[in-house]
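*Asks:* Below you'll find coords-v4.cif; it's mmCIF, C-alpha atoms.
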```cif
data_query
loop_
_atom_site.label_atom_id
_atom_site.label_comp_id
_atom_site.auth_asym_id
_atom_site.auth_seq_id
_atom_site.Cartn_x
_atom_site.Cartn_y
_atom_site.Cartn_z
CA MET A 1 -36.64 30.17 6.62
CA SER A 2 -33.24 30.27 4.81
CA ARG A 3 -32.35 27.59 2.32
CA SER A 4 -29.57 25.15 3.18
CA PRO A 5 -26.35 25.64 1.16
CA LYS A 6 -25.94 23.39 -1.84
CA GLY A 7 -22.23 22.85 -1.34
CA PRO A 8 -19.48 22.93 -3.99
CA ARG A 9 -20.74 22.10 -7.48
CA LEU A 10 -19.85 22.54 -11.15
CA TYR A 11 -21.48 24.96 -13.53
CA LEU A 12 -20.66 25.87 -17.12
CA ARG A 13 -19.87 29.52 -17.67
CA LYS A 14 -20.76 30.40 -21.26
CA ALA A 15 -18.30 32.03 -23.65
CA ARG A 16 -17.97 35.79 -23.39
CA ILE A 17 -15.76 38.73 -24.36
CA ASP A 18 -13.26 39.89 -21.74
CA SER A 19 -14.03 43.54 -21.01
CA ARG A 20 -10.35 44.33 -20.41
CA THR A 21 -8.56 42.46 -23.18
CA LYS A 22 -11.48 42.33 -25.62
CA LYS A 23 -10.59 38.70 -26.32
CA ARG A 24 -13.11 35.86 -26.46
CA ILE A 25 -13.09 33.55 -23.43
CA PRO A 26 -14.42 30.08 -24.34
CA ASP A 27 -16.91 28.00 -22.34
CA ARG A 28 -15.35 26.89 -19.04
CA TYR A 29 -16.47 24.77 -16.10
CA PHE A 30 -16.30 26.61 -12.77
CA ILE A 31 -16.76 25.44 -9.18
CA ARG A 32 -19.41 27.44 -7.37
CA ASP A 33 -18.99 27.24 -3.59
CA GLY A 34 -21.30 29.74 -1.92
CA SER A 35 -20.14 33.17 -3.11
CA VAL A 36 -16.81 31.79 -4.34
CA GLU A 37 -16.22 30.80 -7.95
CA ILE A 38 -13.11 28.87 -9.05
CA SER A 39 -12.18 28.01 -12.63
CA THR A 40 -11.35 24.37 -13.33
CA GLY A 41 -9.60 25.35 -16.56
CA TYR A 42 -11.61 22.74 -18.49
CA GLY A 43 -14.08 23.26 -21.30
CA VAL A 44 -17.18 21.37 -22.38
CA ASP A 45 -15.14 18.52 -23.86
CA ARG A 46 -13.35 17.87 -20.53
CA LEU A 47 -16.25 17.21 -18.17
CA VAL A 48 -14.59 14.18 -16.55
CA ASP A 49 -11.48 16.25 -15.77
CA ALA A 50 -13.64 19.02 -14.35
CA GLU A 51 -15.41 16.52 -12.08
CA ARG A 52 -12.07 15.23 -10.81
CA PHE A 53 -10.99 18.82 -10.18
CA LEU A 54 -14.16 19.28 -8.11
CA ALA A 55 -13.48 16.07 -6.16
CA ASP A 56 -9.94 17.22 -5.38
CA TYR A 57 -11.25 20.63 -4.33
CA ILE A 58 -13.75 19.11 -1.94
CA GLN A 59 -11.13 16.86 -0.36
CA SER A 60 -8.61 19.69 0.04
CA LYS A 61 -10.98 22.19 1.64
CA TRP A 62 -13.40 19.79 3.30
CA ALA A 63 -15.73 21.19 5.89
CA PRO A 64 -18.02 18.47 7.27
CA PRO A 65 -21.71 19.07 6.62
CA VAL A 66 -23.67 19.36 9.82
CA GLY A 67 -25.82 16.31 10.46
CA GLU A 68 -26.19 15.33 6.79
CA SER A 69 -27.81 11.90 6.76
CA ASP A 70 -29.43 11.63 3.32
CA PRO A 71 -27.33 9.39 1.01
CA GLN A 72 -28.75 11.31 -1.94
CA LYS A 73 -27.03 14.47 -0.74
CA VAL A 74 -23.68 13.21 0.57
CA LEU A 75 -20.76 13.19 -1.84
CA ILE A 76 -18.50 10.15 -1.71
CA ALA A 77 -15.60 12.61 -1.90
CA GLU A 78 -16.77 14.20 1.37
CA VAL A 79 -17.02 10.80 3.03
CA LEU A 80 -13.48 9.86 1.97
CA ALA A 81 -12.17 13.26 3.05
CA LEU A 82 -13.61 12.87 6.55
CA TYR A 83 -12.24 9.35 6.87
CA SER A 84 -8.78 10.34 5.62
CA LYS A 85 -8.66 13.37 7.88
CA GLU A 86 -9.88 11.82 11.14
CA ARG A 87 -9.18 8.10 10.81
CA GLY A 88 -6.25 8.06 8.38
CA PRO A 89 -3.55 9.06 10.91
CA LYS A 90 -4.70 6.29 13.27
CA LEU A 91 -4.66 3.48 10.71
CA LYS A 92 -1.84 0.95 10.50
CA SER A 93 -1.65 1.32 6.71
CA ASP A 94 1.06 3.72 5.60
CA ALA A 95 0.07 7.18 4.40
CA ALA A 96 1.12 6.46 0.80
CA THR A 97 -1.22 3.46 0.62
CA ILE A 98 -4.18 5.44 1.98
CA LYS A 99 -3.46 8.28 -0.44
CA GLY A 100 -3.23 5.86 -3.37
CA PHE A 101 -6.51 4.12 -2.45
CA THR A 102 -8.25 7.49 -2.03
CA LYS A 103 -7.04 8.72 -5.41
CA ALA A 104 -8.18 5.54 -7.15
CA LEU A 105 -11.62 5.80 -5.57
CA LEU A 106 -12.02 9.50 -6.38
CA ASP A 107 -10.92 8.98 -9.99
CA TRP A 108 -13.78 6.53 -10.46
CA TRP A 109 -16.59 7.85 -8.27
CA GLY A 110 -15.91 11.54 -9.02
CA THR A 111 -18.92 13.58 -7.87
CA ALA A 112 -21.11 10.55 -7.16
CA LYS A 113 -23.26 10.44 -4.03
CA LEU A 114 -23.51 7.68 -1.44
CA ALA A 115 -26.81 6.66 -3.02
CA ASP A 116 -24.85 5.73 -6.16
CA ILE A 117 -23.09 2.90 -4.34
CA ARG A 118 -24.76 -0.28 -5.56
CA THR A 119 -23.65 -3.80 -6.36
CA SER A 120 -23.54 -2.95 -10.07
CA SER A 121 -21.45 0.19 -9.55
CA CYS A 122 -19.02 -1.67 -7.29
CA GLU A 123 -18.65 -4.41 -9.89
CA SER A 124 -18.03 -1.76 -12.56
CA TYR A 125 -15.36 -0.22 -10.33
CA VAL A 126 -13.55 -3.56 -10.04
CA GLU A 127 -13.78 -4.09 -13.80
CA HIS A 128 -12.37 -0.59 -14.38
CA ARG A 129 -9.49 -1.03 -11.92
CA THR A 130 -8.43 -4.44 -13.21
CA GLN A 131 -7.89 -2.93 -16.66
CA GLN A 132 -5.45 -0.32 -15.36
CA PRO A 133 -1.67 -0.93 -15.25
CA ILE A 134 0.01 -1.03 -11.87
CA ARG A 135 1.89 2.16 -11.00
CA HIS A 136 5.23 0.66 -9.92
CA GLY A 137 7.61 -0.81 -12.45
CA GLU A 138 7.10 -1.60 -16.12
CA THR A 139 5.88 -5.15 -15.59
CA GLY A 140 2.94 -5.13 -17.99
CA ARG A 141 0.70 -6.24 -15.12
CA THR A 142 -2.67 -4.69 -14.31
CA VAL A 143 -4.23 -3.91 -10.94
CA SER A 144 -5.49 -7.09 -9.30
CA ALA A 145 -9.05 -7.71 -8.18
CA GLN A 146 -7.70 -8.03 -4.63
CA THR A 147 -6.24 -4.51 -4.76
CA ALA A 148 -9.62 -3.24 -5.96
CA ARG A 149 -11.17 -5.16 -3.06
CA ARG A 150 -8.90 -3.42 -0.55
CA GLU A 151 -9.85 -0.04 -2.03
CA LEU A 152 -13.54 -0.87 -1.72
CA GLU A 153 -12.94 -2.07 1.85
CA MET A 154 -11.60 1.40 2.59
CA LEU A 155 -14.68 2.94 0.97
CA SER A 156 -16.90 0.72 3.11
CA ALA A 157 -15.00 1.74 6.25
CA ALA A 158 -15.35 5.42 5.27
CA VAL A 159 -19.12 5.00 4.78
CA GLY A 160 -19.35 3.32 8.18
CA TYR A 161 -17.42 6.16 9.81
CA TRP A 162 -19.72 8.76 8.24
CA ASP A 163 -22.75 6.76 9.36
CA LYS A 164 -21.41 6.68 12.91
CA GLU A 165 -21.00 10.46 12.88
CA HIS A 166 -24.16 11.49 11.01
CA HIS A 167 -26.55 8.50 11.24
CA LEU A 168 -27.42 7.92 7.59
CA SER A 169 -31.07 7.31 6.84
CA ARG A 170 -29.91 4.37 4.74
CA ARG A 171 -26.38 3.02 4.76
CA PRO A 172 -25.36 1.70 1.33
CA ASP A 173 -23.64 -1.66 1.15
CA VAL A 174 -20.29 -1.74 -0.63
CA ALA A 175 -20.17 -5.00 -2.61
CA LEU A 176 -16.74 -6.63 -2.51
CA PRO A 177 -15.24 -9.13 -4.95
CA ARG A 178 -14.58 -12.56 -3.51
CA LYS A 179 -11.45 -12.72 -1.39
CA ALA A 180 -8.89 -14.89 -3.11
CA GLU A 181 -6.79 -17.39 -1.22
CA SER A 182 -3.13 -16.39 -1.35
CA ASN A 183 -0.98 -18.94 -3.15
CA ARG A 184 1.91 -18.29 -0.73
CA ASP A 185 4.47 -18.67 -3.49
CA ALA A 186 8.12 -18.70 -2.45
CA LEU A 187 11.52 -18.29 -4.03
CA THR A 188 13.96 -21.16 -4.34
CA ARG A 189 17.43 -20.54 -2.93
CA HIS A 190 18.75 -20.18 -6.49
CA GLU A 191 16.06 -17.59 -7.32
CA ALA A 192 16.77 -15.70 -4.10
CA ALA A 193 20.47 -15.58 -5.03
CA ARG A 194 19.57 -14.19 -8.46
CA LEU A 195 17.36 -11.52 -6.89
CA LEU A 196 20.21 -10.46 -4.58
CA LYS A 197 22.66 -10.28 -7.47
CA ALA A 198 20.27 -8.02 -9.38
CA ALA A 199 19.95 -5.82 -6.28
CA ARG A 200 23.75 -5.57 -6.18
CA GLY A 201 23.71 -4.05 -9.67
CA TYR A 202 23.61 -6.79 -12.30
CA ARG A 203 21.22 -7.82 -15.07
CA LEU A 204 20.76 -11.37 -16.33
CA GLU A 205 20.97 -11.48 -20.12
CA ALA A 206 21.33 -14.21 -22.73
CA GLY A 207 25.11 -14.20 -22.40
CA GLY A 208 25.12 -14.14 -18.60
CA TRP A 209 25.21 -11.43 -15.93
CA LYS A 210 25.96 -7.89 -17.09
CA PRO A 211 27.07 -5.23 -14.57
CA LEU A 212 25.00 -2.05 -14.41
CA SER A 213 26.36 1.46 -13.99
CA ASP A 214 27.78 2.62 -10.67
CA ALA A 215 24.80 4.95 -10.31
CA SER A 216 22.38 2.03 -10.72
CA LYS A 217 24.28 0.02 -8.11
CA ALA A 218 24.11 2.92 -5.66
CA ASN A 219 20.37 3.32 -6.33
CA ARG A 220 19.78 -0.31 -5.35
CA ALA A 221 21.97 -0.45 -2.23
CA HIS A 222 18.96 -0.22 0.08
CA LEU A 223 17.29 -3.13 -1.74
CA VAL A 224 20.15 -5.46 -0.82
CA ARG A 225 19.43 -4.76 2.85
CA PHE A 226 15.68 -5.05 2.31
CA ILE A 227 15.95 -8.45 0.63
CA LEU A 228 18.35 -9.87 3.22
CA LEU A 229 16.14 -8.69 6.09
CA GLY A 230 13.09 -10.23 4.45
CA LEU A 231 14.72 -13.57 3.69
CA TYR A 232 16.48 -13.98 7.03
CA THR A 233 13.70 -12.77 9.38
CA GLY A 234 10.45 -13.10 7.41
CA SER A 235 9.38 -9.73 8.81
CA ARG A 236 6.70 -7.79 6.95
CA SER A 237 7.88 -5.10 4.55
CA ASP A 238 6.51 -2.28 6.68
CA VAL A 239 8.57 -3.44 9.67
CA ASN A 240 11.79 -3.56 7.65
CA LYS A 241 11.18 -0.18 6.01
CA ARG A 242 10.75 1.56 9.38
CA LEU A 243 13.54 -0.29 11.22
CA ARG A 244 15.83 2.03 13.22
CA TRP A 245 19.26 1.62 14.78
CA THR A 246 18.30 2.91 18.22
CA THR A 247 15.49 2.33 20.70
CA SER A 248 12.21 3.83 19.48
CA LEU A 249 8.78 4.35 20.99
CA THR A 250 7.01 4.37 17.64
CA ASP A 251 9.07 2.28 15.20
CA PRO A 252 10.76 -1.14 15.04
CA TRP A 253 14.43 -1.05 16.07
CA ALA A 254 17.53 -3.23 16.14
CA ASP A 255 19.87 -3.99 19.02
CA VAL A 256 22.82 -5.32 17.06
CA ASP A 257 24.95 -6.04 20.14
CA ALA A 258 22.20 -8.26 21.56
CA MET A 259 21.45 -9.65 18.07
CA ILE A 260 17.75 -8.79 18.36
CA ILE A 261 15.24 -6.95 16.17
CA TYR A 262 12.24 -5.54 18.00
CA ARG A 263 9.49 -5.53 15.41
CA SER A 264 7.47 -2.78 17.12
CA GLY A 265 8.22 0.41 19.01
CA ARG A 266 8.03 0.37 22.79
CA SER A 267 4.71 2.26 22.80
CA GLU A 268 3.41 1.12 19.41
CA ARG A 269 -0.01 -0.52 19.18
CA VAL A 270 0.02 -3.74 17.18
CA ALA A 271 -3.03 -5.28 15.50
CA MET A 272 -3.91 -8.75 16.82
CA ASN A 273 -3.72 -10.22 13.32
CA LYS A 274 -0.31 -8.66 12.63
CA LEU A 275 1.88 -10.23 15.31
CA ARG A 276 5.27 -8.59 15.83
CA PRO A 277 7.35 -10.51 18.37
CA LEU A 278 11.07 -9.78 18.65
CA VAL A 279 13.36 -11.89 16.49
CA LYS A 280 16.86 -13.10 17.31
CA LEU A 281 19.24 -12.43 14.45
CA PRO A 282 20.87 -15.33 12.58
CA ARG A 283 24.65 -14.98 12.69
CA ARG A 284 25.04 -14.16 9.01
CA LEU A 285 22.46 -11.38 9.15
CA ALA A 286 23.95 -10.12 12.43
CA ALA A 287 27.32 -9.77 10.72
CA HIS A 288 25.75 -7.82 7.85
CA MET A 289 23.88 -5.54 10.26
CA ALA A 290 26.95 -4.85 12.39
CA ARG A 291 28.74 -3.67 9.25
CA TRP A 292 25.73 -1.61 8.10
CA GLU A 293 25.36 0.04 11.50
CA LYS A 294 29.01 1.07 11.56
CA LEU A 295 28.67 2.66 8.12
CA ASP A 296 25.41 4.44 8.97
CA ARG A 297 26.64 5.84 12.29
CA LYS A 298 29.52 7.53 10.47
CA ARG A 299 26.96 9.22 8.22
CA GLY A 300 24.54 10.05 11.03
CA LEU A 301 21.75 7.90 9.58
CA ALA A 302 19.06 6.63 11.96
CA THR A 303 17.21 4.08 9.82
CA VAL A 304 18.50 0.76 8.52
CA LEU A 305 16.93 1.26 5.08
CA HIS A 306 17.59 4.59 3.42
CA HIS A 307 18.13 6.08 -0.01
CA GLY A 308 19.90 9.35 -0.64
CA GLY A 309 20.26 9.82 3.09
CA ARG A 310 16.51 9.61 3.69
CA GLN A 311 14.26 6.89 5.05
CA ILE A 312 12.59 5.02 2.20
CA GLY A 313 8.83 5.15 1.73
CA SER A 314 8.34 2.45 -0.88
CA VAL A 315 10.44 -0.28 -2.48
CA ARG A 316 7.92 -1.47 -5.04
CA THR A 317 9.40 0.18 -8.13
CA GLY A 318 13.00 -0.70 -7.31
CA PHE A 319 12.05 -4.22 -6.27
CA ALA A 320 10.16 -4.75 -9.54
CA GLY A 321 13.28 -3.65 -11.41
CA CYS A 322 15.39 -6.21 -9.55
CA VAL A 323 12.84 -8.93 -10.27
CA SER A 324 12.97 -8.09 -13.97
CA ASP A 325 16.78 -7.96 -14.09
CA ALA A 326 16.98 -11.29 -12.25
CA GLY A 327 14.78 -12.92 -14.89
CA LEU A 328 12.09 -13.81 -12.36
CA ALA A 329 8.32 -13.85 -12.89
CA ALA A 330 6.68 -10.43 -12.77
CA GLU A 331 4.29 -11.51 -10.00
CA VAL A 332 7.15 -11.74 -7.47
CA THR A 333 6.49 -8.99 -4.92
CA PRO A 334 8.21 -7.89 -1.69
CA HIS A 335 5.78 -10.03 0.34
CA TRP A 336 7.23 -13.13 -1.32
CA LEU A 337 10.22 -12.69 1.00
CA ARG A 338 8.02 -13.49 3.98
CA HIS A 339 6.51 -16.49 2.18
CA THR A 340 10.01 -17.63 1.32
CA ALA A 341 11.28 -17.43 4.90
CA ALA A 342 8.29 -19.44 6.14
CA THR A 343 8.71 -22.04 3.39
CA TRP A 344 12.44 -22.48 4.06
CA LEU A 345 11.84 -22.96 7.79
CA MET A 346 9.29 -25.69 7.08
CA GLU A 347 11.57 -27.37 4.56
CA LYS A 348 14.29 -27.49 7.22
CA GLY A 349 11.90 -29.22 9.62
CA VAL A 350 11.90 -26.44 12.24
CA ASP A 351 9.38 -26.92 15.05
CA VAL A 352 6.11 -25.24 14.10
CA TRP A 353 5.82 -23.31 17.36
CA ALA A 354 9.40 -22.08 17.11
CA ALA A 355 8.97 -21.07 13.45
CA ALA A 356 5.69 -19.26 14.14
CA GLY A 357 7.26 -17.27 16.97
CA TYR A 358 10.28 -16.42 14.84
CA LEU A 359 8.16 -15.18 11.91
CA GLY A 360 5.50 -13.36 13.94
CA MET A 361 2.78 -15.64 12.61
CA SER A 362 0.14 -17.77 14.28
CA VAL A 363 0.73 -21.52 14.40
CA GLN A 364 -2.60 -22.03 12.63
CA THR A 365 -1.59 -19.81 9.70
CA LEU A 366 1.82 -21.45 9.43
CA GLU A 367 0.35 -24.95 9.47
CA LYS A 368 -2.41 -24.09 7.03
CA HIS A 369 -0.32 -22.38 4.38
CA TYR A 370 3.21 -23.70 4.79
CA GLY A 371 2.95 -26.99 6.69
CA HIS A 372 2.92 -29.06 3.52
CA HIS A 373 6.55 -28.06 2.92
CA ARG A 374 7.69 -30.11 5.92
CA ALA A 375 9.45 -33.34 5.03
CA ASP A 376 7.28 -35.25 7.52
CA HIS A 377 3.99 -33.70 6.30
CA GLN A 378 1.29 -36.40 6.40
CA GLY A 379 4.04 -38.85 7.29
CA ASP A 380 1.81 -41.17 9.32
CA ALA A 381 -0.79 -41.24 6.57
CA ARG A 382 1.80 -42.11 3.95
CA LYS A 383 3.19 -44.92 6.06
CA ALA A 384 -0.29 -46.33 6.56
CA MET A 385 -0.86 -46.43 2.81
CA ARG A 386 2.28 -48.46 1.98
#
```
Would you mind writing the file out in structure tokens?

*Replies:*
Amino acid sequence: MSRSPKGPRLYLRKARIDSRTKKRIPDRYFIRDGSVEISTGYGVDRLVDAERFLADYIQSKWAPPVGESDPQKVLIAEVLALYSKERGPKLKSDAATIKGFTKALLDWWGTAKLADIRTSSCESYVEHRTQQPIRHGETGRTVSAQTARRELEMLSAAVGYWDKEHHLSRRPDVALPRKAESNRDALTRHEAARLLKAARGYRLEAGGWKPLSDASKANRAHLVRFILLGLYTGSRSDVNKRLRWTTSLTDPWADVDAMIIYRSGRSERVAMNKLRPLVKLPRRLAAHMARWEKLDRKRGLATVLHHGGRQIGSVRTGFAGCVSDAGLAAEVTPHWLRHTAATWLMEKGVDVWAAAGYLGMSVQTLEKHYGHHRADHQGDARKAMR
């Protein structure tokens, strides 16, 4: 009876003399995959790097093991590779987010097996991640525990998908940090104006606003549109980033003549907890969009948000730069625009049902997180306590 293959693994090839060049080749870690051997380029003092090289190799080549159900034998890298390959394209999260989560998980777990997933190892992962700086913008902030939670949620989903395919003899539980309640912070109108001015190419300094270079202004042109869309419609960032000028089956699109934004493509599936009803454009935003559309049609551009003639993939770095130049707190993120729109609607006393439909939010969520901004909030109770 033949032995089952061991799969890709590291081994240390000892120093030797090259028979051709007669030069000494130092100790090096190699990947042994059946009859194939691949150098990692790392020596004995770079084991961690060699392990990451192995994890990347497994994910790039990935061939699913047949019926492997023993957690002691299944690499976490293989589990993530299967999930990314088969489930990734069907997820609502954008590809860049999935790739970033996968990289963060692989950097930590390396060549660990499913059996290594324990409460203690998950807690260590969160501790490790929350000490790392965020990748976008020089804000001095570190990765939040909630980001680490989302990464572990992906790991848990990947384990579940593997279990469904291969019926693990024991499915490990991925321990998650407690889910924090969002503070739903919002910008004041003065702060929103400052953010827009920064997006238009200015920096707030001690002596007032200083204009940036023409190149910097051009680099931020798409952020002006992004901020206005977020403040006026309260749409999620992903909707605004994918917004197109013409009817689409797969992406949100705008009908400027009818003054409507359709937040989802005609054939696009929408998650029940991510409502995307159409939104009628306020007149000021409609005027902006009519002007933008005219400019973009001349250039043959199909998407509302673009940079260098291409659809944008992320606004996080540029947005963080605008926040810094506007003198706002570093924790202001693109999602604050949605919080701000909801807060302003409540402050204006808009009917809750009308506001919820406009934002693409459930009435319960709007009442729970933003209702206290209404001028008549707890009005009857206050009157009773006079």

*Asks:* Return as a list in words the set of residues that the PyMOL selection byres ((chain A and resi 326) around 7) yields on the displayed structure.

*Replies:*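 Here the PyMOL selection byres ((chain A and resi 326) around 7) matches Arg194, Leu195, Ala198, Arg203, Leu204, Cys322, Val323, Ser324, Asp325, Gly327 and Leu328 of chain A.
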
*Asks:* As a check of understanding, name the residues that the PyMOL selection byres ((chain A and resi 216-229) around 9) selects in the supplied structure, as a PyMOL selection string.

*Replies:* chain A and resi 192+195-202+211-215+230-235+237+240-241+285+288-289+292+304-308+312+315+318-319+322+334+337

*Asks:* Evaluate the PyMOL selection byres ((chain A and resi 126) around 8) against this structure - the residues, as an MDAnalysis selection string, please.

*Replies:* chainID A and resid 122:125 127:130 145 148:149 177

*Asks:* Taking 2 positions as the minimum chain separation for residues in the same chain, which residues sit within 12 Å of Ser60 of chain A when counting all atoms listed in the file? Answer as an MDAnalysis selection string.

*Replies:* chainID A and resid 53:58 62:64 77:78 80:82 84:85

*Asks:* One decimal, in Å: what's the spacing between atom CA of Val74 of chain A and atom CA of Thr40 of chain A?

*Replies:* 21.7 Å

*Asks:* Using Å and a single decimal, report how far atom CA of Glu293 of chain A sits from atom CA of Asp94 of chain A.

*Replies:*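 A separation of 25.3 Å between them.
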
*Asks:* What is the atom CA of Val270 of chain A-atom CA of Arg236 of chain A distance in Å, reported with one decimal?

*Replies:* 12.9 Å

*Asks:* Using all atoms listed in the file, tabulate the residues of segment 270-316 of chain A lying at most 8 Å from any atom of segment 350-370 of chain A, each with its closest atom pair and that distance in Å to one decimal, by chain and increasing residue number, as a tab-separated table.

*Replies:*
```
residue	atom	partner	partner_atom	distance
A:Lys274	CA	A:Gly360	CA	7.6
A:Leu275	CA	A:Gly360	CA	5.0
A:Arg276	CA	A:Gly360	CA	5.1
A:Pro277	CA	A:Gly360	CA	5.6
A:Leu278	CA	A:Tyr358	CA	7.7
A:Val279	CA	A:Tyr358	CA	5.7
A:Lys280	CA	A:Tyr358	CA	7.8
```

*Asks:* Select, from A:Leu295, A:Lys348, A:Ala95, A:Arg178, the residue with the minimum atom-to-atom distance to Gly313 of chain A, counting only C-alpha atoms.

*Replies:*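 That would be A:Ala95, the residue with the smallest distance to Gly313 of chain A.
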
*Asks:* Taking (0.1, 9.0, 4.1) in the coordinates of the supplied file, I want to know which residues reach to within 12 Å of it, counting all atoms listed in the file; could you give the answer as a short mmCIF file (atom, residue, chain, number, x, y, z; two decimals) with C-alpha atoms, keeping the file's coordinate frame?

*Replies:*
```cif
data_model
loop_
_atom_site.label_atom_id
_atom_site.label_comp_id
_atom_site.auth_asym_id
_atom_site.auth_seq_id
_atom_site.Cartn_x
_atom_site.Cartn_y
_atom_site.Cartn_z
CA SER A 84 -8.78 10.34 5.62
CA LYS A 85 -8.66 13.37 7.88
CA ARG A 87 -9.18 8.10 10.81
CA GLY A 88 -6.25 8.06 8.38
CA PRO A 89 -3.55 9.06 10.91
CA LYS A 90 -4.70 6.29 13.27
CA LEU A 91 -4.66 3.48 10.71
CA LYS A 92 -1.84 0.95 10.50
CA SER A 93 -1.65 1.32 6.71
CA ASP A 94 1.06 3.72 5.60
CA ALA A 95 0.07 7.18 4.40
CA ALA A 96 1.12 6.46 0.80
CA THR A 97 -1.22 3.46 0.62
CA ILE A 98 -4.18 5.44 1.98
CA LYS A 99 -3.46 8.28 -0.44
CA GLY A 100 -3.23 5.86 -3.37
CA PHE A 101 -6.51 4.12 -2.45
CA THR A 102 -8.25 7.49 -2.03
CA LYS A 103 -7.04 8.72 -5.41
CA GLY A 313 8.83 5.15 1.73
CA SER A 314 8.34 2.45 -0.88
#
```

*Asks:* Would you mind telling me which residue in A:Glu205, A:Lys294, A:Arg310, A:Asp238 lies nearest to His335 of chain A when using only C-alpha atoms?

*Replies:*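 Ranked by minimum distance to His335 of chain A, first place goes to A:Asp238.
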
*Asks:* Using only C-alpha atoms for the distances, tell me which of A:Val44, A:Gly208, A:Val79, A:Ser144 is nearest to Gly160 of chain A.

*Replies:*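 Comparing A:Val44, A:Gly208, A:Val79, A:Ser144 against Gly160 of chain A, the winner is A:Val79.
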
*Asks:* Choose the residue, out of A:Tyr29, A:Leu10, A:Ala157, A:Met259, that has the smallest atom-to-atom separation from Gly110 of chain A; count all atoms listed in the file.

*Replies:*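 Selected residue with least distance to Gly110 of chain A: A:Leu10.
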
*Asks:* Pick out the closest residue to Gly265 of chain A from this set: A:Ala112, A:Leu243, A:Ala320, A:Leu155. Count only C-alpha atoms.

*Replies:*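 Answer, going by the shortest atom-to-atom distance: A:Leu243.
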
*Asks:* If you keep N, CA and C atoms, can you output segment 39-51 of chain A as a CSV table (one decimal), in the first residue's frame?

*Replies:*
```
chain,number,residue,atom,x,y,z
A,39,SER,N,13.7,26.7,-4.0
A,39,SER,CA,14.4,27.5,-3.0
A,39,SER,C,13.6,28.7,-2.5
A,40,THR,N,13.6,28.9,-1.2
A,40,THR,CA,12.9,30.1,-0.7
A,40,THR,C,13.8,31.3,-0.7
A,41,GLY,N,15.1,31.0,-0.8
A,41,GLY,CA,16.1,32.1,-0.8
A,41,GLY,C,16.5,32.6,0.6
A,42,TYR,N,15.9,31.9,1.7
A,42,TYR,CA,16.2,32.3,3.0
A,42,TYR,C,17.0,31.2,3.8
A,43,GLY,N,17.9,31.8,4.6
A,43,GLY,CA,18.8,30.9,5.4
A,43,GLY,C,18.2,30.6,6.8
A,44,VAL,N,19.0,30.0,7.6
A,44,VAL,CA,18.6,29.5,8.9
A,44,VAL,C,18.1,30.7,9.8
A,45,ASP,N,18.5,31.9,9.6
A,45,ASP,CA,18.1,33.0,10.4
A,45,ASP,C,16.8,33.7,9.9
A,46,ARG,N,16.2,33.1,8.9
A,46,ARG,CA,15.0,33.7,8.3
A,46,ARG,C,13.9,32.7,8.2
A,47,LEU,N,13.7,31.9,9.3
A,47,LEU,CA,12.7,30.8,9.2
A,47,LEU,C,11.3,31.4,9.0
A,48,VAL,N,11.0,32.5,9.7
A,48,VAL,CA,9.7,33.1,9.6
A,48,VAL,C,9.4,33.5,8.2
A,49,ASP,N,10.4,34.1,7.5
A,49,ASP,CA,10.2,34.5,6.1
A,49,ASP,C,10.0,33.2,5.2
A,50,ALA,N,10.8,32.2,5.5
A,50,ALA,CA,10.6,30.9,4.7
A,50,ALA,C,9.2,30.3,4.9
A,51,GLU,N,8.7,30.4,6.1
A,51,GLU,CA,7.4,29.9,6.3
A,51,GLU,C,6.3,30.7,5.6
```
